$ cat model.pdb   # PDB, C-alpha atoms
MODEL        1
ATOM      1  CA  MET A   1      88.252  96.281  94.392
ATOM      2  CA  GLY A   2      88.480  99.624  96.178
ATOM      3  CA  LEU A   3      87.467 102.922  94.691
ATOM      4  CA  LEU A   4      91.031 103.955  93.812
ATOM      5  CA  ASP A   5      92.163 100.507  92.631
ATOM      6  CA  ARG A   6      90.947 101.399  89.152
ATOM      7  CA  PHE A   7      93.655 104.076  88.995
ATOM      8  CA  ARG A   8      96.307 101.728  90.380
ATOM      9  CA  GLY A   9      95.907  99.237  87.575
ATOM     10  CA  GLY A  10      93.266  97.075  89.230
ATOM     11  CA  ARG A  11      95.479  95.747  91.999
ATOM     12  CA  GLY A  12      93.831  94.390  95.072
ATOM     13  CA  SER A  13      94.831  94.949  98.679
ATOM     14  CA  THR A  14      98.013  92.886  98.280
ATOM     15  CA  GLY A  15      99.404  95.468  95.851
ATOM     16  CA  HIS A  16     100.400  93.009  93.141
ATOM     17  CA  THR A  17      98.920  90.762  90.544
ATOM     18  CA  ALA A  18      99.757  87.194  89.634
ATOM     19  CA  SER A  19     101.136  88.458  86.320
ATOM     20  CA  ASP A  20     103.538  90.769  88.204
ATOM     21  CA  ILE A  21     104.863  87.831  90.218
ATOM     22  CA  ARG A  22     105.239  85.693  87.072
ATOM     23  CA  TYR A  23     107.021  88.559  85.323
ATOM     24  CA  LEU A  24     109.489  88.990  88.200
ATOM     25  CA  ALA A  25     110.136  85.248  88.444
ATOM     26  CA  ASP A  26     110.782  85.080  84.683
ATOM     27  CA  TRP A  27     113.032  88.130  84.909
ATOM     28  CA  VAL A  28     115.141  86.475  87.617
ATOM     29  CA  ARG A  29     115.427  83.296  85.521
ATOM     30  CA  THR A  30     116.627  85.211  82.451
ATOM     31  CA  HIS A  31     119.177  87.449  84.194
ATOM     32  CA  THR A  32     122.276  86.680  86.246
ATOM     33  CA  GLY A  33     123.293  87.979  89.650
ATOM     34  CA  VAL A  34     119.863  89.441  90.471
ATOM     35  CA  GLU A  35     119.286  91.234  93.775
ATOM     36  CA  ALA A  36     116.060  92.773  95.073
ATOM     37  CA  TYR A  37     115.914  96.306  96.466
ATOM     38  CA  ILE A  38     112.748  97.061  98.387
ATOM     39  CA  GLU A  39     111.399 100.607  98.085
ATOM     40  CA  PRO A  40     109.102 101.975 100.785
ATOM     41  CA  LYS A  41     105.441 102.767 100.343
ATOM     42  CA  THR A  42     104.724 106.301  99.152
ATOM     43  CA  THR A  43     101.565 108.353  98.868
ATOM     44  CA  VAL A  44     101.296 107.195  95.260
ATOM     45  CA  THR A  45     102.450 103.548  95.283
ATOM     46  CA  ASP A  46     102.599 100.585  97.611
ATOM     47  CA  VAL A  47     105.901  98.900  98.457
ATOM     48  CA  THR A  48     107.848  98.110  95.289
ATOM     49  CA  ALA A  49     110.681  95.730  94.468
ATOM     50  CA  VAL A  50     113.441  96.767  92.107
ATOM     51  CA  LEU A  51     115.298  93.776  90.700
ATOM     52  CA  VAL A  52     118.840  94.587  89.573
ATOM     53  CA  ALA A  53     120.937  92.178  87.496
ATOM     54  CA  ALA A  54     124.722  91.885  87.562
ATOM     55  CA  ASP A  55     125.047  94.110  84.461
ATOM     56  CA  GLY A  56     122.871  96.823  86.051
ATOM     57  CA  GLU A  57     119.721  96.166  84.037
ATOM     58  CA  TRP A  58     116.714  96.568  86.288
ATOM     59  CA  THR A  59     112.955  96.310  86.534
ATOM     60  CA  ARG A  60     110.407  97.489  89.101
ATOM     61  CA  ARG A  61     107.028  96.137  90.190
ATOM     62  CA  ILE A  62     104.615  96.765  93.034
ATOM     63  CA  VAL A  63     104.767  93.850  95.464
ATOM     64  CA  GLY A  64     103.065  95.145  98.608
ATOM     65  CA  GLU A  65     104.439  95.152 102.139
ATOM     66  CA  SER A  66     103.909  91.493 102.930
ATOM     67  CA  GLY A  67     104.939  90.304  99.480
ATOM     68  CA  ALA A  68     108.321  92.011  99.192
ATOM     69  CA  ARG A  69     110.500  89.754 101.326
ATOM     70  CA  ARG A  70     108.395  86.675 100.601
ATOM     71  CA  LEU A  71     108.983  87.258  96.887
ATOM     72  CA  ALA A  72     112.749  87.490  97.316
ATOM     73  CA  ASP A  73     112.752  84.354  99.495
ATOM     74  CA  ARG A  74     110.687  82.473  96.925
ATOM     75  CA  LEU A  75     112.996  83.587  94.108
ATOM     76  CA  GLY A  76     116.110  82.760  96.143
ATOM     77  CA  ILE A  77     117.788  86.143  95.703
ATOM     78  CA  PRO A  78     119.313  88.593  98.186
ATOM     79  CA  VAL A  79     117.020  91.399  99.340
ATOM     80  CA  TYR A  80     118.022  94.847 100.569
ATOM     81  CA  ASP A  81     116.193  97.839 101.981
ATOM     82  CA  VAL A  82     116.918 100.673  99.551
ATOM     83  CA  GLY A  83     116.504 103.181 102.401
ATOM     84  CA  ARG A  84     119.508 101.636 104.125
ATOM     85  CA  THR A  85     121.717 100.561 101.250
ATOM     86  CA  GLY A  86     120.753 102.898  98.428
ATOM     87  CA  TYR A  87     120.705 101.708  94.835
ATOM     88  CA  PRO A  88     123.738  99.843  93.491
ATOM     89  CA  GLN A  89     126.196 101.800  91.359
ATOM     90  CA  ARG A  90     125.813  99.284  88.515
ATOM     91  CA  MET A  91     122.155 100.353  88.185
ATOM     92  CA  ARG A  92     123.139 104.007  87.720
ATOM     93  CA  ASP A  93     125.908 102.994  85.309
ATOM     94  CA  TYR A  94     123.417 100.959  83.263
ATOM     95  CA  ASP A  95     121.047 103.938  83.037
ATOM     96  CA  ALA A  96     123.925 106.207  81.973
ATOM     97  CA  ARG A  97     124.950 103.733  79.225
ATOM     98  CA  ARG A  98     121.358 103.536  77.993
ATOM     99  CA  ARG A  99     121.112 107.360  77.807
ATOM    100  CA  ILE A 100     124.309 107.485  75.745
ATOM    101  CA  GLU A 101     123.042 104.729  73.432
ATOM    102  CA  ARG A 102     119.698 106.515  72.918
ATOM    103  CA  LYS A 103     121.459 109.811  72.173
ATOM    104  CA  ARG A 104     123.789 108.155  69.655
ATOM    105  CA  ALA A 105     120.862 106.444  67.936
ATOM    106  CA  PHE A 106     118.932 109.732  67.810
ATOM    107  CA  ASP A 107     121.958 111.611  66.414
ATOM    108  CA  ALA A 108     122.498 108.887  63.782
ATOM    109  CA  GLU A 109     118.852 109.100  62.768
ATOM    110  CA  LEU A 110     119.135 112.883  62.414
ATOM    111  CA  ARG A 111     122.256 112.476  60.245
ATOM    112  CA  ASP A 112     120.444 109.955  58.050
ATOM    113  CA  LEU A 113     117.466 112.288  57.642
ATOM    114  CA  SER A 114     119.634 115.284  56.784
ATOM    115  CA  ALA A 115     121.568 113.240  54.206
ATOM    116  CA  GLU A 116     118.369 112.483  52.254
TER     117      GLU A 116
ENDMDL
END
$ encode --input "model.pdb" --output "structure tokens"
Amino acid sequence: MGLLDRFRGGRGSTGHTASDIRYLADWVRTHTGVEAYIEPKTTVTDVTAVLVAADGEWTRRIVGESGARRLADRLGIPVYDVGRTGYPQRMRDYDARRRIERKRAFDAELRDLSAE
């Protein structure tokens, strides 16, 4: 383990853990129409994979440079380079719906508190 690995969640040189791979595989099994979008390495994180389901729900994990495409091949899902394709519109739509739902829940909670 390198000096900075402690701050990266204990990941080794591959950039991912076995639990990350299991999580992503389970996520693909429990969602339909999943595609992988590979994000480039930054100064803060290694290469990441964003999995996006048909309804726009998504999840992100560090997979490392060598693991990104291998992961998508192993999971049998399409893989795209986010630098070339961008993120799918359904992902942005999902986030927008979630923001609206959170705001409505917050407003309802405020109404309930003020009614007491």
$ resolve_selection --input "model.pdb" --expression "the PyMOL selection byres ((chain A and resi 46) around 8)" --output "ChimeraX atom specification"
/A:15,40-45,47-48,62-65
$ write_last_selection --input "model.pdb" --atoms "C-alpha atoms" --output "PDB file, in the coordinates of the input"
ATOM      1  CA  GLY A  15      99.404  95.468  95.851  1.00  0.00           C
ATOM      2  CA  PRO A  40     109.102 101.975 100.785  1.00  0.00           C
ATOM      3  CA  LYS A  41     105.441 102.767 100.343  1.00  0.00           C
ATOM      4  CA  THR A  42     104.724 106.301  99.152  1.00  0.00           C
ATOM      5  CA  THR A  43     101.565 108.353  98.868  1.00  0.00           C
ATOM      6  CA  VAL A  44     101.296 107.195  95.260  1.00  0.00           C
ATOM      7  CA  THR A  45     102.450 103.548  95.283  1.00  0.00           C
ATOM      8  CA  VAL A  47     105.901  98.900  98.457  1.00  0.00           C
ATOM      9  CA  THR A  48     107.848  98.110  95.289  1.00  0.00           C
ATOM     10  CA  ILE A  62     104.615  96.765  93.034  1.00  0.00           C
ATOM     11  CA  VAL A  63     104.767  93.850  95.464  1.00  0.00           C
ATOM     12  CA  GLY A  64     103.065  95.145  98.608  1.00  0.00           C
ATOM     13  CA  GLU A  65     104.439  95.152 102.139  1.00  0.00           C
TER      14      GLU A  65
END
$ atom_distance --input "model.pdb" --atom1 "atom CA of Ser19 of chain A" --atom2 "atom CA of Tyr37 of chain A"
19.6 Å
$ resolve_selection --input "model.pdb" --expression "the PyMOL selection byres ((chain A and resi 38) around 12)" --output "short mmCIF file (atom, residue, chain, number, x, y, z; two decimals) with C-alpha atoms, in the frame of the given file"
data_model
loop_
_atom_site.label_atom_id
_atom_site.label_comp_id
_atom_site.auth_asym_id
_atom_site.auth_seq_id
_atom_site.Cartn_x
_atom_site.Cartn_y
_atom_site.Cartn_z
CA GLU A 35 119.29 91.23 93.78
CA ALA A 36 116.06 92.77 95.07
CA TYR A 37 115.91 96.31 96.47
CA GLU A 39 111.40 100.61 98.08
CA PRO A 40 109.10 101.98 100.78
CA LYS A 41 105.44 102.77 100.34
CA ASP A 46 102.60 100.58 97.61
CA VAL A 47 105.90 98.90 98.46
CA THR A 48 107.85 98.11 95.29
CA ALA A 49 110.68 95.73 94.47
CA VAL A 50 113.44 96.77 92.11
CA LEU A 51 115.30 93.78 90.70
CA VAL A 52 118.84 94.59 89.57
CA THR A 59 112.96 96.31 86.53
CA ARG A 60 110.41 97.49 89.10
CA ARG A 61 107.03 96.14 90.19
CA ILE A 62 104.62 96.76 93.03
CA VAL A 63 104.77 93.85 95.46
CA GLY A 64 103.06 95.14 98.61
CA GLU A 65 104.44 95.15 102.14
CA SER A 66 103.91 91.49 102.93
CA GLY A 67 104.94 90.30 99.48
CA ALA A 68 108.32 92.01 99.19
CA ARG A 69 110.50 89.75 101.33
CA ARG A 70 108.40 86.68 100.60
CA LEU A 71 108.98 87.26 96.89
CA ALA A 72 112.75 87.49 97.32
CA PRO A 78 119.31 88.59 98.19
CA VAL A 79 117.02 91.40 99.34
CA TYR A 80 118.02 94.85 100.57
CA ASP A 81 116.19 97.84 101.98
CA VAL A 82 116.92 100.67 99.55
CA GLY A 83 116.50 103.18 102.40
CA ARG A 84 119.51 101.64 104.12
CA THR A 85 121.72 100.56 101.25
CA GLY A 86 120.75 102.90 98.43
CA TYR A 87 120.70 101.71 94.84
#
$ closest_residue --input "model.pdb" --among "A:Arg99, A:Ala105, A:Glu57, A:Tyr23" --to "Leu75 of chain A" --atoms "only C-alpha atoms"
A:Tyr23
$ atom_distance --input "model.pdb" --atom1 "atom CA of Arg102 of chain A" --atom2 "atom CA of Thr30 of chain A"
23.5 Å
$ atom_distance --input "model.pdb" --atom1 "atom CA of Asp26 of chain A" --atom2 "atom CA of Ile100 of chain A"
27.7 Å
$ closest_residue --input "model.pdb" --among "A:Leu110, A:Ala54, A:Ile77, A:Met91" --to "Leu24 of chain A" --atoms "all atoms listed in the file"
A:Ile77
$ closest_residue --input "model.pdb" --among "A:Arg111, A:Arg90, A:Lys103, A:Arg97" --to "Val34 of chain A" --atoms "all atoms listed in the file"
A:Arg90
$ axis_aligned_box --input "model.pdb" --around "segment 25-39 of chain A" --padding-each-side "4 Å" --output "lines of an AutoDock Vina configuration file"
center_x = 116.7
center_y = 92.0
center_z = 90.4
size_x = 21.2
size_y = 25.3
size_z = 23.9
$ closest_residue --input "model.pdb" --among "A:Ala96, A:Ala108, A:Gly76, A:Asp55" --to "Val28 of chain A" --atoms "only C-alpha atoms"
A:Gly76
$ closest_residue --input "model.pdb" --among "A:Arg74, A:Glu116, A:Glu109, A:Tyr94" --to "Ala53 of chain A" --atoms "only C-alpha atoms"
A:Tyr94
$ build_atoms --input "model.pdb" --residues "segment 40-51 of chain A" --atoms "all heavy atoms" --output "PDB file, in the frame of the given file"
ATOM      1  N   PRO A  40     110.215 101.783  99.850  1.00  0.00           N
ATOM      2  CA  PRO A  40     109.102 101.975 100.785  1.00  0.00           C
ATOM      3  C   PRO A  40     107.834 102.461 100.095  1.00  0.00           C
ATOM      4  O   PRO A  40     107.865 102.986  98.984  1.00  0.00           O
ATOM      5  CB  PRO A  40     109.625 103.039 101.750  1.00  0.00           C
ATOM      6  CG  PRO A  40     110.650 103.789 100.975  1.00  0.00           C
ATOM      7  CD  PRO A  40     111.260 102.783 100.023  1.00  0.00           C
ATOM      8  N   LYS A  41     106.739 102.281 100.795  1.00  0.00           N
ATOM      9  CA  LYS A  41     105.441 102.767 100.343  1.00  0.00           C
ATOM     10  C   LYS A  41     105.474 104.289 100.289  1.00  0.00           C
ATOM     11  O   LYS A  41     106.086 104.938 101.127  1.00  0.00           O
ATOM     12  CB  LYS A  41     104.371 102.297 101.333  1.00  0.00           C
ATOM     13  CG  LYS A  41     102.978 102.671 100.980  1.00  0.00           C
ATOM     14  CD  LYS A  41     102.011 102.083 101.997  1.00  0.00           C
ATOM     15  CE  LYS A  41     100.599 102.402 101.604  1.00  0.00           C
ATOM     16  NZ  LYS A  41      99.643 101.729 102.488  1.00  0.00           N
ATOM     17  N   THR A  42     104.837 104.846  99.268  1.00  0.00           N
ATOM     18  CA  THR A  42     104.724 106.301  99.152  1.00  0.00           C
ATOM     19  C   THR A  42     103.247 106.663  99.112  1.00  0.00           C
ATOM     20  O   THR A  42     102.392 105.780  99.166  1.00  0.00           O
ATOM     21  CB  THR A  42     105.395 106.815  97.853  1.00  0.00           C
ATOM     22  OG1 THR A  42     104.644 106.359  96.727  1.00  0.00           O
ATOM     23  CG2 THR A  42     106.841 106.355  97.746  1.00  0.00           C
ATOM     24  N   THR A  43     102.961 107.934  98.970  1.00  0.00           N
ATOM     25  CA  THR A  43     101.565 108.353  98.868  1.00  0.00           C
ATOM     26  C   THR A  43     100.948 107.901  97.552  1.00  0.00           C
ATOM     27  O   THR A  43      99.733 107.838  97.432  1.00  0.00           O
ATOM     28  CB  THR A  43     101.428 109.882  98.982  1.00  0.00           C
ATOM     29  OG1 THR A  43     102.246 110.486  97.985  1.00  0.00           O
ATOM     30  CG2 THR A  43     101.840 110.365 100.360  1.00  0.00           C
ATOM     31  N   VAL A  44     101.776 107.575  96.587  1.00  0.00           N
ATOM     32  CA  VAL A  44     101.296 107.195  95.260  1.00  0.00           C
ATOM     33  C   VAL A  44     101.306 105.686  95.033  1.00  0.00           C
ATOM     34  O   VAL A  44     100.409 105.145  94.398  1.00  0.00           O
ATOM     35  CB  VAL A  44     102.131 107.900  94.164  1.00  0.00           C
ATOM     36  CG1 VAL A  44     101.678 107.494  92.783  1.00  0.00           C
ATOM     37  CG2 VAL A  44     102.081 109.394  94.336  1.00  0.00           C
ATOM     38  N   THR A  45     102.338 104.984  95.532  1.00  0.00           N
ATOM     39  CA  THR A  45     102.450 103.548  95.283  1.00  0.00           C
ATOM     40  C   THR A  45     102.670 102.775  96.572  1.00  0.00           C
ATOM     41  O   THR A  45     103.182 103.307  97.556  1.00  0.00           O
ATOM     42  CB  THR A  45     103.627 103.211  94.341  1.00  0.00           C
ATOM     43  OG1 THR A  45     104.848 103.607  94.956  1.00  0.00           O
ATOM     44  CG2 THR A  45     103.473 103.860  92.996  1.00  0.00           C
ATOM     45  N   ASP A  46     102.322 101.512  96.521  1.00  0.00           N
ATOM     46  CA  ASP A  46     102.599 100.585  97.611  1.00  0.00           C
ATOM     47  C   ASP A  46     104.086 100.234  97.561  1.00  0.00           C
ATOM     48  O   ASP A  46     104.832 100.737  96.717  1.00  0.00           O
ATOM     49  CB  ASP A  46     101.722  99.337  97.434  1.00  0.00           C
ATOM     50  CG  ASP A  46     101.549  98.552  98.721  1.00  0.00           C
ATOM     51  OD1 ASP A  46     102.251  98.842  99.709  1.00  0.00           O
ATOM     52  OD2 ASP A  46     100.712  97.638  98.741  1.00  0.00           O
ATOM     53  N   VAL A  47     104.515  99.348  98.424  1.00  0.00           N
ATOM     54  CA  VAL A  47     105.901  98.900  98.457  1.00  0.00           C
ATOM     55  C   VAL A  47     106.246  98.284  97.104  1.00  0.00           C
ATOM     56  O   VAL A  47     105.469  97.509  96.542  1.00  0.00           O
ATOM     57  CB  VAL A  47     106.105  97.869  99.587  1.00  0.00           C
ATOM     58  CG1 VAL A  47     107.499  97.277  99.538  1.00  0.00           C
ATOM     59  CG2 VAL A  47     105.839  98.523 100.935  1.00  0.00           C
ATOM     60  N   THR A  48     107.414  98.643  96.575  1.00  0.00           N
ATOM     61  CA  THR A  48     107.848  98.110  95.289  1.00  0.00           C
ATOM     62  C   THR A  48     109.160  97.364  95.449  1.00  0.00           C
ATOM     63  O   THR A  48     109.929  97.610  96.378  1.00  0.00           O
ATOM     64  CB  THR A  48     108.050  99.229  94.246  1.00  0.00           C
ATOM     65  OG1 THR A  48     108.917 100.216  94.784  1.00  0.00           O
ATOM     66  CG2 THR A  48     106.738  99.873  93.863  1.00  0.00           C
ATOM     67  N   ALA A  49     109.411  96.448  94.531  1.00  0.00           N
ATOM     68  CA  ALA A  49     110.681  95.730  94.468  1.00  0.00           C
ATOM     69  C   ALA A  49     111.357  96.116  93.165  1.00  0.00           C
ATOM     70  O   ALA A  49     110.747  96.088  92.099  1.00  0.00           O
ATOM     71  CB  ALA A  49     110.455  94.226  94.511  1.00  0.00           C
ATOM     72  N   VAL A  50     112.620  96.508  93.279  1.00  0.00           N
ATOM     73  CA  VAL A  50     113.441  96.767  92.107  1.00  0.00           C
ATOM     74  C   VAL A  50     114.420  95.607  92.013  1.00  0.00           C
ATOM     75  O   VAL A  50     115.184  95.362  92.944  1.00  0.00           O
ATOM     76  CB  VAL A  50     114.211  98.102  92.232  1.00  0.00           C
ATOM     77  CG1 VAL A  50     115.106  98.313  91.027  1.00  0.00           C
ATOM     78  CG2 VAL A  50     113.261  99.264  92.402  1.00  0.00           C
ATOM     79  N   LEU A  51     114.354  94.860  90.918  1.00  0.00           N
ATOM     80  CA  LEU A  51     115.298  93.776  90.700  1.00  0.00           C
ATOM     81  C   LEU A  51     116.429  94.310  89.836  1.00  0.00           C
ATOM     82  O   LEU A  51     116.182  94.915  88.795  1.00  0.00           O
ATOM     83  CB  LEU A  51     114.625  92.598  90.003  1.00  0.00           C
ATOM     84  CG  LEU A  51     113.436  91.962  90.717  1.00  0.00           C
ATOM     85  CD1 LEU A  51     112.948  90.744  89.935  1.00  0.00           C
ATOM     86  CD2 LEU A  51     113.766  91.597  92.139  1.00  0.00           C
TER      87      LEU A  51
END
